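Structure data follow from work29.cif (mmCIF, C-alpha atoms):
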data_input
loop_
_atom_site.group_PDB
_atom_site.id
_atom_site.type_symbol
_atom_site.label_atom_id
_atom_site.label_comp_id
_atom_site.auth_asym_id
_atom_site.auth_seq_id
_atom_site.Cartn_x
_atom_site.Cartn_y
_atom_site.Cartn_z
ATOM 1 C CA MET A 24 -15.885 3.489 -9.710
ATOM 2 C CA TRP A 25 -15.835 2.600 -6.000
ATOM 3 C CA THR A 26 -18.229 -0.344 -5.609
ATOM 4 C CA TYR A 27 -17.865 -1.297 -1.960
ATOM 5 C CA LYS A 28 -20.817 -0.759 0.366
ATOM 6 C CA GLU A 29 -18.984 -1.817 3.544
ATOM 7 C CA VAL A 30 -16.267 0.853 3.374
ATOM 8 C CA THR A 31 -15.908 4.284 1.819
ATOM 9 C CA ARG A 32 -12.858 5.324 -0.190
ATOM 10 C CA GLU A 33 -12.077 7.804 2.611
ATOM 11 C CA ALA A 34 -12.146 5.128 5.321
ATOM 12 C CA PHE A 35 -9.993 2.841 3.183
ATOM 13 C CA GLU A 36 -7.450 5.626 2.614
ATOM 14 C CA LYS A 37 -7.361 6.175 6.378
ATOM 15 C CA ARG A 38 -6.372 2.534 6.876
ATOM 16 C CA LYS A 39 -3.634 2.905 4.257
ATOM 17 C CA LYS A 40 -2.307 5.934 6.171
ATOM 18 C CA TYR A 41 -2.319 3.804 9.310
ATOM 19 C CA VAL A 42 -0.138 1.249 7.506
ATOM 20 C CA GLU A 43 2.294 4.053 6.630
ATOM 21 C CA GLN A 44 2.412 4.953 10.330
ATOM 22 C CA ILE A 45 3.210 1.337 11.204
ATOM 23 C CA ILE A 46 6.062 1.252 8.681
ATOM 24 C CA TRP A 47 7.485 4.422 10.240
ATOM 25 C CA GLU A 48 7.090 3.009 13.762
ATOM 26 C CA GLN A 49 8.943 -0.145 12.695
ATOM 27 C CA GLY A 50 11.935 1.908 11.588
ATOM 28 C CA GLY A 51 11.042 2.835 8.021
ATOM 29 C CA GLU A 52 12.692 6.092 7.007
ATOM 30 C CA ILE A 53 10.513 8.448 4.986
ATOM 31 C CA VAL A 54 12.433 9.554 1.911
ATOM 32 C CA VAL A 55 11.579 12.396 -0.428
ATOM 33 C CA ILE A 56 12.288 11.429 -4.004
ATOM 34 C CA HIS A 57 11.154 13.129 -7.188
ATOM 35 C CA LEU A 58 9.672 10.294 -9.229
ATOM 36 C CA PRO A 59 9.749 10.436 -13.038
ATOM 37 C CA TYR A 60 6.093 9.340 -13.162
ATOM 38 C CA VAL A 61 2.761 10.170 -11.519
ATOM 39 C CA GLN A 62 1.774 7.828 -8.717
ATOM 40 C CA ARG A 63 -1.433 6.332 -10.032
ATOM 41 C CA ILE A 64 -3.183 3.161 -9.011
ATOM 42 C CA VAL A 65 -5.495 1.542 -11.553
ATOM 43 C CA SER A 66 -7.419 -1.497 -10.374
ATOM 44 C CA ILE A 67 -9.897 -3.506 -12.385
ATOM 45 C CA CYS A 68 -12.346 -5.823 -10.669
ATOM 46 C CA ASN A 69 -15.479 -7.284 -12.233
ATOM 47 C CA ARG A 70 -15.150 -4.990 -15.249
ATOM 48 C CA ASN A 71 -15.126 -1.941 -12.983
ATOM 49 C CA GLN A 72 -12.083 0.274 -13.141
ATOM 50 C CA GLU A 73 -10.950 2.374 -10.209
ATOM 51 C CA THR A 74 -8.206 4.936 -10.721
ATOM 52 C CA ASN A 75 -6.688 6.567 -7.673
ATOM 53 C CA PHE A 76 -4.023 9.249 -7.878
ATOM 54 C CA SER A 77 -2.016 9.387 -4.700
ATOM 55 C CA LYS A 78 1.070 10.813 -3.135
ATOM 56 C CA ASN A 79 1.976 7.800 -1.062
ATOM 57 C CA LYS A 80 4.972 8.183 1.158
ATOM 58 C CA ILE A 81 8.085 6.299 0.169
ATOM 59 C CA PHE A 82 9.969 4.491 2.904
ATOM 60 C CA LYS A 83 13.459 3.064 2.994
ATOM 61 C CA PHE A 84 13.840 0.072 5.270
ATOM 62 C CA LYS A 85 17.127 -1.776 5.315
ATOM 63 C CA ASN A 86 18.157 -1.796 1.641
ATOM 64 C CA ASN A 87 14.660 -1.738 0.142
ATOM 65 C CA TYR A 88 12.072 0.889 -0.679
ATOM 66 C CA PHE A 89 8.418 0.457 0.271
ATOM 67 C CA ARG A 90 5.176 2.150 -0.660
ATOM 68 C CA VAL A 91 1.596 1.378 0.417
ATOM 69 C CA ASP A 92 -0.635 0.257 -2.435
ATOM 70 C CA GLU A 93 -3.995 -1.425 -2.877
ATOM 71 C CA VAL A 94 -5.625 -4.391 -4.561
ATOM 72 C CA LEU A 95 -9.361 -4.231 -5.143
ATOM 73 C CA PHE A 96 -10.845 -7.699 -4.900
ATOM 74 C CA ARG A 97 -14.506 -8.440 -5.527
ATOM 75 C CA ASP A 98 -15.578 -8.712 -1.887
ATOM 76 C CA LYS A 99 -13.447 -5.997 -0.339
ATOM 77 C CA PRO A 100 -10.318 -3.941 -0.864
ATOM 78 C CA PHE A 101 -6.944 -5.158 0.343
ATOM 79 C CA ILE A 102 -3.769 -3.316 1.254
ATOM 80 C CA VAL A 103 -0.430 -4.367 -0.175
ATOM 81 C CA LEU A 104 3.101 -3.037 0.163
ATOM 82 C CA GLU A 105 5.200 -2.460 -2.911
ATOM 83 C CA CYS A 106 8.836 -3.359 -2.355
ATOM 84 C CA GLY A 107 11.979 -2.999 -4.410
ATOM 85 C CA SER A 108 15.360 -1.466 -4.998
ATOM 86 C CA PHE A 109 15.938 2.188 -5.801
ATOM 87 C CA GLN A 110 16.012 1.281 -9.508
ATOM 88 C CA ASP A 111 12.698 -0.579 -9.167
ATOM 89 C CA LEU A 112 11.191 2.475 -7.493
ATOM 90 C CA MET A 113 12.414 4.825 -10.194
ATOM 91 C CA ARG A 114 11.164 2.510 -12.971
ATOM 92 C CA ASN A 115 7.847 1.854 -11.197
ATOM 93 C CA THR A 116 8.550 -1.892 -11.265
ATOM 94 C CA MET A 117 8.346 -2.687 -7.574
ATOM 95 C CA GLU A 118 6.992 -6.088 -6.520
ATOM 96 C CA ASP A 119 3.895 -6.500 -4.365
ATOM 97 C CA THR A 120 4.097 -8.277 -1.030
ATOM 98 C CA GLU A 121 1.216 -10.500 0.067
ATOM 99 C CA PRO A 122 -2.008 -8.419 0.208
ATOM 100 C CA PHE A 123 -3.982 -8.246 3.442
ATOM 101 C CA PRO A 124 -7.540 -7.096 4.198
ATOM 102 C CA TYR A 125 -8.045 -3.460 5.161
ATOM 103 C CA ASP A 126 -10.328 -4.444 8.045
ATOM 104 C CA LEU A 127 -7.838 -6.382 10.152
ATOM 105 C CA SER A 128 -7.535 -5.352 13.776
ATOM 106 C CA ASP A 129 -4.737 -2.911 14.541
ATOM 107 C CA ASP A 130 -2.657 -5.712 16.117
ATOM 108 C CA GLU A 131 -3.137 -7.947 13.074
ATOM 109 C CA MET A 132 -2.243 -5.039 10.788
ATOM 110 C CA VAL A 133 1.047 -4.528 12.663
ATOM 111 C CA LYS A 134 1.841 -8.245 12.286
ATOM 112 C CA GLU A 135 1.159 -8.123 8.529
ATOM 113 C CA VAL A 136 3.401 -5.090 8.065
ATOM 114 C CA ARG A 137 6.181 -6.654 10.134
ATOM 115 C CA TYR A 138 5.896 -9.780 7.982
ATOM 116 C CA ALA A 139 6.071 -7.720 4.767
ATOM 117 C CA LEU A 140 9.140 -5.886 6.089
ATOM 118 C CA GLU A 141 10.649 -9.278 6.944
ATOM 119 C CA ILE A 142 10.894 -8.435 10.629
ATOM 120 C CA GLU A 143 8.850 -11.518 11.572
#

Could I get this file's structure written as structure tokens?
Amino acid sequence: MWTYKEVTREAFEKRKKYVEQIIWEQGGEIVVIHLPYVQRIVSICNRNQETNFSKNKIFKFKNNYFRVDEVLFRDKPFIVLECGSFQDLMRNTMEDTEPFPYDLSDDEMVKEVRYALEIE
């Protein structure tokens, strides 16, 4: 159940799509891979469970694969990038980078993505 009053699920998803655009602009190559599992995000915060089925784009950048994900904290939702090898991607065992708030300015969002991609 979406519990945030400050942002709708739709507005949050729009910010996640913006992060995908940033990854692409930074040189991330969109790859089409048939995954052996359904992309599903399940977050639990304060005994509330939020399940979100998504078709997040998969990016290859340098030798790693990236996908935009989310972490639902009590006060507000955060965006996080999943990162890993091809095997990690196929096993759904990618590691999360440092999460960042969805409501950063566009410039701050670019800096966070560049940091996660290890550009800065």

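Remark: for Phe109 in chain A, the closest of the candidate residues A:Ile56, A:Asn79, A:Glu121, A:Lys134 is A:Ile56 (distances computed over all atoms listed in the file).
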
Residues in the PyMOL selection byres ((chain A and resi 94) around 9), expressed as a list of chain:residue names: A:Ser66, A:Ile67, A:Asp92, A:Glu93, A:Leu95, A:Phe96, A:Pro100, A:Phe101, A:Ile102, A:Val103, A:Pro122

Pairwise distance for CA of Lys37 in chain A and CA of Glu118 in chain A, rounded to one decimal in Å: 22.9 Å

Close residues, Lys80 in chain A itself excluded, 9 Å, all atoms listed in the file, min 2 positions apart in chain, as a ChimeraX atom specification: /A:43,53-55,78,82,89-91

Picked residues, the PyMOL selection byres ((chain A and resi 35) around 10), expected as number ranges by chain: A: 30-34, 36-41, 93, 100-102, 125-126

Nearby residues (all atoms listed in the file) at most 9 Å from Glu52 in chain A, same-chain spacing under 2 positions excluded, as a ChimeraX atom specification: /A:46-47,50,54,81-84

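Using only C-alpha atoms, the smallest distance between any of A:Gly51, A:Leu140, A:Tyr88, A:Ile45 and Met113 in chain A comes from A:Tyr88.
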
Selection under test: the PyMOL selection byres ((chain A and resi 115) around 10); residues as a PyMOL selection string: chain A and resi 58-62+105+107+109-114+116-118

Interatomic distance, CA of Glu135 in chain A to CA of Phe123 in chain A (Å, one decimal):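 CA of Glu135 in chain A sits 7.2 Å away from CA of Phe123 in chain A.
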
Nearest residue to Asn86 in chain A from the set A:Gln44, A:Glu141, A:Glu131, A:Lys99 (distances using all atoms listed in the file):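 That would be A:Glu141, the residue with the smallest distance to Asn86 in chain A.
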
Pairwise distance for CA of Cys106 in chain A and CA of Glu143 in chain A, rounded to one decimal in Å: 16.1 Å

If the box runs along x, y and z of the file and leaves 6 Å on each side of range 113-116 of chain A, what are its centre and edge lengths in Å, one decimal, as AutoDock Vina command-line options?
--center_x 10.1 --center_y 1.5 --center_z -11.6 --size_x 16.6 --size_y 18.7 --size_z 14.8

Spatial neighbours of Asp98 in chain A, max dist 10 Å, all atoms listed in the file, sep filter under 3 positions, as a PyMOL selection string: chain A and resi 26-29+68+95+101
